[in-house]
Structures are given as structure tokens and as C-alpha cells.
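Peer 1: Could you have a look at this structure, given as C-alpha cells, before my questions?
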Amino acid sequence: MKIENLSKTYRAKGAPPVQALRNVSFSLPEKGMVFLLGRSGSGKSTLLHILSGLENFDEGDIIYRGSRFSAFSERDRDKYRNNCCGIIFQDYSLITELTVGENIALALRLQGERDTDARVRRALDQVGLSGCEKRRVTQLSGGQKQRVAIARALVKSPRILFADEPTGALDEQTGRDILMLLKELSKERLVFVVSHDRAFAETFGDRIIELSDGSIVSDSAPAAHEEAPEPLPDLPARLPLATALKLGCNNLLRHPVRLVFTFLLSFLSLAFIGISVTAATFNEVDAYVNALYDQNAELTAVYRYETYENGYGPGGTIDSMLGLPDPDHPISITTSDIGRLEATVGTPVAPVFVTDLSSIQTNFSVSSAQELVNRINAAVSSDPDDHYDFTPNGYLQIDEELLQFLGYRLTGTLPATTDEIAIPDCLLNAFKVLGLRENGTDYPISCAEDIIGHTIRLEFVLGNVITGQTQPRTITGVIDTGCGISCKGSHAVYQGGLNSIIGGEHYHDLLFVCEGYLPEYSYAVVTLPDDRPTRTELVKLAANSSDGQEFLRLSNSFSSDFRDACMYAALLQNLCLYLCAVFLIFAFLLLINFISASVHDKLQQMGILYALGAGFRENVKIYTGSALLIGAALFLLSSAFMPLYVSLANAFIASYVPAAPALFSVTFWPFAAVFAIALAATFLGSFLAMLRYRRRAPAEIIRMGQS
Ligand code: ADP
Ligand code: MG
């Protein structure tokens, strides 16, 4: 090793510059024991730090086996420290979080060594500390620490051993033992010892260089030494992840209260962000499909709506009387709508025509409306299990496939021409009580077969006034919709099949007709397939079908509550948008602050690790690795609570629209957001803090950690 015109001046802020080395030049052999003597403050430690790659210099250069320090990359410097040097610090610089054994093993680990036990034991034997592996560094005396520091330096059999006052804290005898050990080691390597003890130097040294005020004043054996050029050994420092995480976590746990506080606040912020993202990524189509599932809906009605041009409907509606906007109204659904719906769901779609029909008097064997009502009431009170209806609400176009799907039972046949109809069993029940009157003749009816083949005329009513009558329609069949059994005055039977399409309206009493009968369609009954993608397609079709003034709309028992709830979902979205930004910044600052503070707390340790040969990567493993663990823990905890956030968001909506179906469900996006935020904040917090020290010399980082 050749040292050429080396100069170093310390320039500390607010203090006059101190020139620690002045134009120092000499050569060092590859083997032997060289002592550097000088009074305190003469620059010995500075020179040793520069030679071992811990400190920068201002002028001159050092050439080690053909490699110039001035041309070293960051990686070269790390390689040089890790593979060529063993350093015994004047102040020991042990890592207090680790045990004696771990401190020594660390040096080996940094060289990629896995089995360290035997070599650690041998190193401890060499310095007379056998069996002390498990002891804590903080419990050792100064002399013992000194010996651990020596063991750590020699355990990796470095090419050069640098020792800064290795006997300073030792008694005479131990000091002598240590120097004999170093002397022994110097047979195979260069041992460079800084000391102020001239007696020891003269006993053990092969050569003594004396320093005074930063300049060499004497050299017992100056030799112009030529080294054969040789590339630096390429053993990159590799710290096992487990060791790195252990060190890192140790650091984080040093301030448990601050850690818990930061963790909880970040967790709460992330919880809020989770809710916000759930609301922000709310999707009406998905929510509607979920609601269809939750309600076990087998059918849905599809209407075509038209919007009023100015947002207000014509007079006469409740909304217009209240002066409220009345944006839209239902109009006829078209045959092409029916085709599109059928193509989308692949299951039967049936059009319905709603109109007020009545069979009062003309079709029944009664003399007055009053008699009709009295007899039905008497029948209901004697057998409340049966259900009676004599005023059908409209027509349903039905075919074999739909009949099958609805699970209705047919007696007779389905209507095949526009002169034919099938009746629901609740209408048959009315005929059973009242009898049938056809062309002036009365027929008793006791079962479905009795009425099949007879004709009735359907009457249109407005209030109680008959406004028109159809030609006779032949009854071809009776369809049991399930509403005639066990009605028991409750609405239980309405809740299945066709009876439950829209809350408040019952469709159990429609007349059944064939294709081509209906003059127009009020809405379509769509039978829902079981699979989610098809249901989603259907809801999407309705949601995206708007063409200017007209659009399709699904109608189910929950529809109007659903639409109300969506307005509150939009409110929540807006509310969260700004608060979420605040919480996002808060969580970020909190985490970055905590993590970078815990890195700054550990500067001394980071410097020592650099000094031992760890590169930036290993330190990133330690500090960023443990920070990411915090991020991951935050993410996992937040994820575990995600269903709770979602139900909180749903509870918010339910507080305004209690009957609404649950709008929000657990989706991918809040997880992704919380993951990204937790990891980005912890990563940036540690990485940015570490970048600040990347270009600094290890000795400088250690000093910063001490001050
Ligand atoms: P020695 O090891 O021989 O006692 P040092 O190399 O530690 O001497 O110090 C040499 C000179 O440089 C001293 O005057 C000391 O005060 C000064 N010095 C050492 N380190 C620093 C520093 N980080 N900042 C400013 N001055 C320093
Ligand atoms: Mg010193």
C-alpha cells in the first residue's frame, strides 16, 4: 500500500478548520507489524480511518495493489472495507443491540458466511473471552469490550488489520497478550497499530512511524515497496435477511410508545382511507347485482322511461302538486327491447300489459255488485286459507318456457289465439263462489275443468264504471300461481315468483294471453338466470341504454330505496374526497416522520455497519426492511378490518335510507390503496433518510450519530 501526499482538513461548521494530516507519504508492506506513534491529536486515528476506507481525504492518494482510492466507486470502497480490512476502533464501536457472539458473527455474515458459530468461538478463545457469546455488550467492562472489538476484527482473517489503540483500556498483562496475538497474526498480514505506548512499539513493532501535528517526523524503516497490481476481491457483502430484520426491528422497538402511537394513528387514517376508497370506487351496477342476489330475486321488471324535457312533468302528479321536479315517467317497452333483453339473459322474457280489468256482474251469477262483495266476504271468513280475486290487473304474455320457469301449474292448455285466455286460480276461486254466467245462462263451477271451454267478456273499468267490453274470450286453462293456497291473510305467498316484482303491487292476478294479444307492453318480466355475469350484463344493459330522452330501468322491490341510497352514496363520496386527502397526507407524514426518526436515531449503528463493510444495500435491508414490516403489519391489520369499514359505510347510508339494500361490498381497490400507501410511506420514510447519508464516509456517519 502506497500513500502519496495525503492531506486532510476537518471543516466543522462554526469551528475553525483543523488540518489533521499534512502531505503524508509512505509505503506499507503486505506483512508485518507497523506501529504509528504520536501524541494525542497528532492525526493517528485520522490516518488509520483514511487507510481503512472509513474517512475521506482532501488531497493526495492511496494505492492498494494497483487500485487508486481516488478512483474507487462506492462499491469498490465497500468491497475494500469488507474483504481487505479488519478494524479495531478506539471506542470499540460495538453494536449494543446485539450479543457478543452476534457482534462477531455479523462481520462473517457480511461476507456471506452462514455457519459462524465455530469461528466466533475460536475468535473469542483467541482474545480470552471463551464462553461469552451470549453476554450483552452493555454488561462488559471496557477491557472486555476492547477484546470483543478485536475478535470481531480478526474473525474474518482480513489482509490488513487496523487497530486504533488496541491496548488503551487493558491492563499491562492483557495488553501484552493482545499484542502477542497481533504479532502472531502479522506473520501473514499487515497489522497497522496506532499507539502512544513507545515501549510496546519498540517490543513488538517491525517498524515505527511517528506522527506529529499531522506530519511524519520519523520512520524506522522507510521502504519503497512495490505491490503487484491485483483486482479487489469480489465478495459482495450479503447480510442475511433474518439478521437484517432483527437489527431493524430492534431499532423500531426502541421507542415502543411512539411506535404504538404512530401505528394506531396510521391505522385509523388508513381505515378512513379504506372507507373513502370503498365509497369512491362504488359501482352502481355491481351494487344492484349484489342486491338482486341478497334478495334472492328470480325476476325483475324492466320499464322504458322517458324524461320530461324541462325536468317537470305535466300537472296532476303528486310531485307536480308539491312543486317537486318529476324527471321521468314510464312509457311502453318495445318489441326490440324485449329482443335485446332476451339476447342478454338467454332466459324467458315476457311482456306485461297493465290495465284495469273487471268481471263485475256480467260474468258472475250475481244480481248486484253488493251481492258479489257479500258472498266473497262470506267465503273469505269461512275459509281464510283461500284467496279470491275478481279484478285482474292486466295481461301477461306467456308461453310454455315461461310457465316452466315460473313453476306455475297449468290445468287445460295455454291460450293459442287472441280469442283465448288462461285465468289464474284466484279468479277461478271467485267463480267457484259466484258461479259463471255466460249468455244469460248460469253454470256452477267447482273445479278448473268446469270452466275450461266457457267464454267470458272482459270489461274495462274506471273507478266502478264499466267503460268498455271485449269480444268473448274462451278460457283454455287455469294457472295455479301458488297464491291460492295458504294465503292466510298475509302477504307471504306474494313474495315468490311473479308476485314480488315491485313492492306494493301484486301480479298474481294477471290474465294469461298468447303472443300478439297485447296492444302495447307496459313493462317486461325478465326471468333472472343464476349466474352473476349474466345478471351483471342485464343491469349494465339497463344502465347504459339511455338514448337522449329515453332509457330502460330495472324495477324490483328495493329499486326506489336503492336509488335514494345512491344519492347518499354520492354524498359520502364527496364528503370523503377531501377528508381522505387530509388523512392521506396525515398518514404519510406520520409514518415518514416516525420511520426517518428511527433511522436518524441509529446513525451510529449505520456507520459501524458501513465500517464493517456493509454497503448501502445491506443497510437498506436493515432499515427499509424493518420499516416495510411496519407497513405490511399496517396493511394486514387494515385488511382484517376491511369488512368493518364497509359495514360502517353501509351503516352511514342506512341511517338515511333504512330499507335500502347494502350498497357497498368488500372490493379490491381499498386493499390496493391501503397497501400502496402503507408501503410507500414506510419505504420512502426509510429510503429517503438513508439516501441522505449514502455519500458520507462511515466515520462521519458514526460521528453524526454520536453528536
Ligand atoms: P489522534 O488519533 O492522534 O489523537 P485524531 O486523528 O483523532 O488524533 O485528530 C487529529 C486532529 O484532528 C485533532 O486536532 C482533532 O481535534 C481533529 N479532529 C479529529 N476529528 C475531527 C472532526 N470530526 N472534526 C474536527 N476536527 C477533528
Ligand atoms: Mg485517536
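Every chain in the C-alpha cells takes a letter, A first, then B, and so on in the order presented; its residues are numbered from 1, and the ligands are numbered from 1 following the presented order.
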How would you write, as an NGL selection string, the set of residues no farther than 7 Å from ligand 2 when counting only C-alpha atoms and all ligand atoms?

Peer 2: :A and (40-41 or 44-45 or 90 or 164)

Peer 1: Find the spatial neighbours of region 245-252 of chain A, counting only C-alpha atoms, within a cut-off of 7 Å - ignore same-chain residues fewer than 5 positions away - and output them as a PyMOL selection string.

Peer 2: chain A and resi 97+598+622-623+625-626

Peer 1: Could you work out how far CA of Lys187 (chain A) lies from CA of Ile3 (chain A), giving the answer in Å with one decimal?

Peer 2: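 The value is 22.1 Å.
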
Peer 1: For the contact check between chain A and ligand 1, emit one row per residue of chain A within 8 Å, containing the shortest atom pair and the distance in Å rounded to one decimal, counting only C-alpha atoms and all ligand atoms, chain then rising number order, as a Markdown table.

Peer 2:
| residue | atom | partner | partner_atom_place_in_ligand_line | distance |
| --- | --- | --- | --- | --- |
| A:Thr9 | CA | ligand 1 | 12 (O) | 7.6 |
| A:Tyr10 | CA | ligand 1 | 25 (C) | 4.7 |
| A:Arg11 | CA | ligand 1 | 25 (C) | 6.2 |
| A:Ala12 | CA | ligand 1 | 24 (N) | 5.6 |
| A:Pro17 | CA | ligand 1 | 25 (C) | 7.2 |
| A:Val18 | CA | ligand 1 | 26 (N) | 5.6 |
| A:Gln19 | CA | ligand 1 | 12 (O) | 6.5 |
| A:Ala20 | CA | ligand 1 | 12 (O) | 4.3 |
| A:Leu21 | CA | ligand 1 | 10 (C) | 7.5 |
| A:Gly38 | CA | ligand 1 | 3 (O) | 6.2 |
| A:Arg39 | CA | ligand 1 | 3 (O) | 6.0 |
| A:Ser40 | CA | ligand 1 | 4 (O) | 3.7 |
| A:Gly41 | CA | ligand 1 | 8 (O) | 3.4 |
| A:Ser42 | CA | ligand 1 | 3 (O) | 4.0 |
| A:Gly43 | CA | ligand 1 | 6 (O) | 3.2 |
| A:Lys44 | CA | ligand 1 | 3 (O) | 3.7 |
| A:Ser45 | CA | ligand 1 | 2 (O) | 3.6 |
| A:Thr46 | CA | ligand 1 | 6 (O) | 3.7 |
| A:Leu47 | CA | ligand 1 | 6 (O) | 6.5 |
| A:Asp164 | CA | ligand 1 | 2 (O) | 7.9 |
| A:Val194 | CA | ligand 1 | 2 (O) | 7.9 |
| A:Leu211 | CA | ligand 1 | 3 (O) | 7.9 |
| A:Asp213 | CA | ligand 1 | 10 (C) | 7.7 |
| A:Gly214 | CA | ligand 1 | 10 (C) | 7.2 |
| A:Glu700 | CA | ligand 1 | 23 (N) | 6.9 |
| A:Arg703 | CA | ligand 1 | 23 (N) | 6.8 |

Peer 1: Atoms to include: C-alpha atoms. Write the selected residues as a short mmCIF file (atom, residue, chain, number, x, y, z; two decimals), in the first residue's frame.

Peer 2:
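selection.cif written:
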data_model
loop_
_atom_site.label_atom_id
_atom_site.label_comp_id
_atom_site.auth_asym_id
_atom_site.auth_seq_id
_atom_site.Cartn_x
_atom_site.Cartn_y
_atom_site.Cartn_z
CA THR A 9 -8.55 19.07 6.91
CA TYR A 10 -11.65 18.86 9.12
CA ARG A 11 -14.06 21.62 8.43
CA ALA A 12 -16.74 21.61 11.07
CA PRO A 17 -10.73 24.22 10.16
CA VAL A 18 -8.28 21.70 11.67
CA GLN A 19 -5.59 20.27 9.42
CA ALA A 20 -5.22 16.74 10.74
CA LEU A 21 -2.81 15.42 8.08
CA GLY A 38 2.25 10.13 18.18
CA ARG A 39 0.75 12.30 20.81
CA SER A 40 -2.96 12.71 21.23
CA GLY A 41 -4.35 14.86 18.44
CA SER A 42 -1.43 14.27 16.11
CA GLY A 43 -3.69 12.70 13.45
CA LYS A 44 -3.15 8.98 14.08
CA SER A 45 -6.82 7.99 14.12
CA THR A 46 -7.47 10.18 11.10
CA LEU A 47 -4.74 8.41 9.13
CA ASP A 164 -6.62 2.06 16.99
CA VAL A 194 -1.95 3.13 16.35
CA LEU A 211 3.39 11.41 13.57
CA ASP A 213 0.89 17.59 14.13
CA GLY A 214 -0.25 15.74 11.02
CA GLU A 700 -18.55 10.80 9.52
CA ARG A 703 -19.70 10.97 14.44
#

Peer 1: List as a PyMOL selection string the protein and nucleic acid residues near region 340-344 of chain A, meaning an atom at most 12 Å away when only C-alpha atoms are counted, but skip any in the same chain fewer than 2 places from it.

Peer 2: chain A and resi 300-303+333-338+346-351+523-529+533-542+545+552-554

Peer 1: Excluding same-chain residues fewer than 6 positions from Leu603 (chain A), what lies within 8 Å of it counting only C-alpha atoms, as a PyMOL selection string?

Peer 2: chain A and resi 701-702+704-705

Peer 1: In Å to one decimal, how far is CA of Ser647 (chain A) from CA of Phe588 (chain A)?

Peer 2: 25.4 Å

Peer 1: Please, which residues of region 526-580 of chain A, numbered as in this document, come out strand (DSSP E) from DSSP, as a ChimeraX atom specification?

Peer 2: /A:526-527,550-555

Peer 1: Find the residues around region 64-70 of chain A up to 7 Å (only C-alpha atoms counted), leave out those fewer than 5 positions away in its own chain, and share them as a PyMOL selection string.

Peer 2: chain A and resi 1-2+227-230
